[in-house]
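S.K.: Handing you this structure, nothing more for now.
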Amino acid sequence: MSLLRRTVRSGPLGLLLTVGLLALTVLLASSVVASAEGDPATAGRPGDAHRWVHSWTAMPQLTEPHNMPPPPFTGDDSVLVDTTLRQTARVTTGGDRLRLRFSNAFGDTPLPLTAVTVALPVDGRAGVPAIRPETLLPVTFNGRTSVTVPVGAQIVSDPLDLELAAGSNITVTTYLAQGQPSLALTGHPGSRTTSYLLKGDHTTAAELPGATPATRWYLLSGIEVAAPAGTVAVAVLGDSLSDGRGSTINGNDRWPDRLFDRLQEQPDTGAVAVLNQAAGGNRILLDGLGPNALARFDRDILAHTGVAWLIVFEGINDIGNAPATAAAQQALAAELIAAYEQIIIRAHAHDIPVYGATLLPFAGHALYDDPAGHREAARQRVNSWIRTGGDFDAVLDFDRVVRDPDDPTRLHPALHDGDWLHLNPDGYRLLAEAVPADLFTGSRAPAR
């Protein structure tokens with residue numbers, strides 16, 4: 001800018017130079033835009049107007065002892081030694097190229113991955129050990145078939161050419177010759193999807209006879225697709241009610257899954273991916289099962305490609321784990337409201353609208369219900385703020401959808417899974433139906 005100002009002051013010749021510089025600037029800018037759109041690292045293919053968008057996620061967390069791989073896959077000081085791990089995941093938005101993300105976020109030693117393949121599962125089903133051999137592809141990392149994920153890091157694979165329809169399942173098979181030389185394993189216990197473990201390298205095998213099933217995901221944390229430029233994603237920040245406790249194993253009927261199904265049915269929202277960044281037991285203010293929501297916000301939301309909206313449905317574990325006294329619950333409610341404000345501020349800084357969901361009732365739950373009603377009072381205070389006084393860009397009143405009309409402190413008896421806290425598939429379906437699809441329409445540009 002200072003060069004242009006000096007040139008303008010230099011007379012007619014300077015004016016000609018100024019015009020020339022401006023023309024050159026426009027030409028260079030156009031060249032840069034065209035180059036960025038054609039960059040295979042960001043657009044999927046050279047010259048293609050596609051962009052990388054996350055299509056599936058699983059929130060990384062430290063795997064607790066009772067969620068570790070069953071014997072003989074967990075030893076005294078190492079895990080997954082000489083083990084093939086086959087997992088399926090359901091992508092949301094589709095595309096013709098994909099890349100995988102593996103996480104060692106909670107590992108305290110490097111994580112060596114010996115070989116990885118992808119394929120389509122038999123009959124397109126979730127949680128099956130067999131694949132369609134004709135779809136098998138090797139996965140590489142900077143051109144190499146093996147890679148070591150550093151402590152606390154993640155690794156993104158090279159792009160692979162594989163046509164994926166929206167809502168389809170994909171199989172990822174990983175072999176670890178050395179395993180991880182510690183028990184600090186990064187995973188996602190609430191997969192509600194069956195994975196398979198077998199000794200030896202079976203990454204190219206069509207079937208895995210004798211494999212051990214486990215309803216857990218390990219190591220795999222994200223799948224991106226190269227999608228058309230208008231493709232965007234809505235991310236869900238939540239706990240077990242979004243992670244799907246009470247939903248059907250291999251059924252993909254958590255409420256975020258059902259929301260995706262609804263969005264797929266409408267032309268205006270057919271290009272919206274749904275990213276489930278929830279974990280059972282998670283809290284907003286304090287670490288529990290996984291880091292607290294404020295701590296993991298950058299990693300689990302902002303760092304993901306394509307996120308254009310955020311749904312926050314979390315806080316019940318904060319209330320349920322705080323002491324059941326009036327003073328403790330009053331303080332907790334105020335802290336939760338302040339935390340929601342922080343999440344909104346941080347998301348808005350990245351041009352991401354935030355939709356807040358009201359907290360569900362829990363009367364009758366063995367651990368959270370308190371006879372004096374202090375926790376219920378905190379829930380009511382938080383919900384009142386969400387509905388009327390908060391700064392969310394929209395409100396999803398989940399509480400009204402699934403509570404018992406005869407006793408609003410309880411879930412409807414037909415909608416919970418037996419513990420008066422978590423929902424059954426019918427309850428999750430009603431949550432998904434309560435989300436207005438027009439919250440995800442319009443010509444708004446993706447945030448990332």
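The chains in the structure tokens are called A, B, ... from first to last as shown; in each chain the residues are counted from 1, and the ligands are counted from 1 in the order shown.
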According to DSSP computed on the backbone, where in stretch 39-171 of chain A is there alpha helix (DSSP H)? Give the residues as a ChimeraX atom specification.

M.R.: /A:40-43

S.K.: So that I can see what lies close to stretch 208-213 of chain A, please list as a PDB file with all heavy atoms, in the first residue's frame the residues with an atom at most 6 Å from it, counting only C-alpha atoms and leaving out residues fewer than 3 positions away in the same chain.

M.R.:
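And here is the file that came out, selection06.pdb:
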ATOM      1  N   SER A 195     -16.338 -53.918  16.207  1.00  0.00           N
ATOM      2  CA  SER A 195     -15.030 -54.024  15.554  1.00  0.00           C
ATOM      3  C   SER A 195     -14.503 -55.436  15.767  1.00  0.00           C
ATOM      4  O   SER A 195     -15.045 -56.204  16.575  1.00  0.00           O
ATOM      5  CB  SER A 195     -14.060 -52.992  16.143  1.00  0.00           C
ATOM      6  OG  SER A 195     -14.544 -51.677  15.970  1.00  0.00           O
ATOM      7  N   TYR A 196     -13.402 -55.775  15.066  1.00  0.00           N
ATOM      8  CA  TYR A 196     -12.879 -57.148  15.130  1.00  0.00           C
ATOM      9  C   TYR A 196     -11.364 -57.123  15.272  1.00  0.00           C
ATOM     10  O   TYR A 196     -10.686 -56.312  14.627  1.00  0.00           O
ATOM     11  CB  TYR A 196     -13.294 -57.939  13.885  1.00  0.00           C
ATOM     12  CG  TYR A 196     -14.787 -58.119  13.796  1.00  0.00           C
ATOM     13  CD1 TYR A 196     -15.584 -57.151  13.174  1.00  0.00           C
ATOM     14  CD2 TYR A 196     -15.407 -59.218  14.376  1.00  0.00           C
ATOM     15  CE1 TYR A 196     -16.955 -57.287  13.121  1.00  0.00           C
ATOM     16  CE2 TYR A 196     -16.789 -59.360  14.328  1.00  0.00           C
ATOM     17  CZ  TYR A 196     -17.559 -58.399  13.700  1.00  0.00           C
ATOM     18  OH  TYR A 196     -18.920 -58.528  13.666  1.00  0.00           O
ATOM     19  N   LEU A 197     -10.844 -58.036  16.106  1.00  0.00           N
ATOM     20  CA  LEU A 197      -9.416 -58.147  16.347  1.00  0.00           C
ATOM     21  C   LEU A 197      -8.956 -59.576  16.087  1.00  0.00           C
ATOM     22  O   LEU A 197      -9.641 -60.543  16.449  1.00  0.00           O
ATOM     23  CB  LEU A 197      -9.076 -57.763  17.790  1.00  0.00           C
ATOM     24  CG  LEU A 197      -9.490 -56.356  18.223  1.00  0.00           C
ATOM     25  CD1 LEU A 197     -10.722 -56.455  19.142  1.00  0.00           C
ATOM     26  CD2 LEU A 197      -8.373 -55.625  18.935  1.00  0.00           C
ATOM     27  N   LEU A 198      -7.773 -59.687  15.460  1.00  0.00           N
ATOM     28  CA  LEU A 198      -7.227 -60.999  15.123  1.00  0.00           C
ATOM     29  C   LEU A 198      -5.714 -60.897  15.086  1.00  0.00           C
ATOM     30  O   LEU A 198      -5.155 -59.930  14.547  1.00  0.00           O
ATOM     31  CB  LEU A 198      -7.761 -61.457  13.760  1.00  0.00           C
ATOM     32  CG  LEU A 198      -7.453 -62.888  13.323  1.00  0.00           C
ATOM     33  CD1 LEU A 198      -8.103 -63.891  14.264  1.00  0.00           C
ATOM     34  CD2 LEU A 198      -7.927 -63.117  11.887  1.00  0.00           C
TER      35      LEU A 198
END

S.K.: So which residues of stretch 49-182 of chain A fall under strand (DSSP E or B) by DSSP, listed as an MDAnalysis selection string?

M.R.: chainID A and resid 50:57 61:62 74 79 83:90 95:103 111:113 115:119 121 131 137:138 141 144 147:149 154:156 160:164 169:176 180

S.K.: Can you tell me which residues surround A:Pro110 at a distance of at most 8 Å, considering only C-alpha atoms, apart from same-chain residues fewer than 2 positions away, and format the answer as a count of residues only?

M.R.: 9

S.K.: For stretch 323-386 of chain A against stretch 416-434 of chain A, with a cut-off of 7 Å and counting only C-alpha atoms, what is the closest atom pair and its distance in Å to one decimal for every residue that makes the cut, ordered by chain and number, as JSON lines?

M.R.:
{"residue": "A:Phe362", "atom": "CA", "partner": "A:Leu421", "partner_atom": "CA", "distance": 5.1}
{"residue": "A:Ala363", "atom": "CA", "partner": "A:Trp420", "partner_atom": "CA", "distance": 6.8}
{"residue": "A:Gly364", "atom": "CA", "partner": "A:Trp420", "partner_atom": "CA", "distance": 5.7}
{"residue": "A:His365", "atom": "CA", "partner": "A:Trp420", "partner_atom": "CA", "distance": 5.1}

S.K.: Output the selection as an mmCIF file, in the first residue's frame - N, CA and C atoms for each residue.

M.R.:
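Output file selection-v1.cif follows:
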data_model
loop_
_atom_site.group_PDB
_atom_site.id
_atom_site.type_symbol
_atom_site.label_atom_id
_atom_site.label_comp_id
_atom_site.auth_asym_id
_atom_site.auth_seq_id
_atom_site.Cartn_x
_atom_site.Cartn_y
_atom_site.Cartn_z
ATOM 1 N N PHE A 362 -34.088 -36.068 34.666
ATOM 2 C CA PHE A 362 -33.433 -37.291 35.124
ATOM 3 C C PHE A 362 -34.023 -37.829 36.421
ATOM 4 N N ALA A 363 -35.197 -37.369 36.833
ATOM 5 C CA ALA A 363 -35.817 -37.908 38.043
ATOM 6 C C ALA A 363 -36.005 -39.416 37.891
ATOM 7 N N GLY A 364 -35.637 -40.150 38.931
ATOM 8 C CA GLY A 364 -35.690 -41.600 38.888
ATOM 9 C C GLY A 364 -34.349 -42.243 38.617
ATOM 10 N N HIS A 365 -33.367 -41.462 38.141
ATOM 11 C CA HIS A 365 -32.042 -42.015 37.910
ATOM 12 C C HIS A 365 -31.349 -42.277 39.241
#

S.K.: Go ahead and compute the interatomic distance for atom CA of A:Ala326 and atom CA of A:Leu237, in Å to one decimal.

M.R.: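 Taking atom CA of A:Ala326 and atom CA of A:Leu237, their separation equals 27.7 Å.
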
S.K.: Please determine, counting only C-alpha atoms, which residue among A:Arg90, A:Arg283, A:Arg51, A:His348 has the shortest atom-to-atom distance to A:Ala165.

M.R.: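 Counting only C-alpha atoms, the residue closest to A:Ala165 is A:Arg90.
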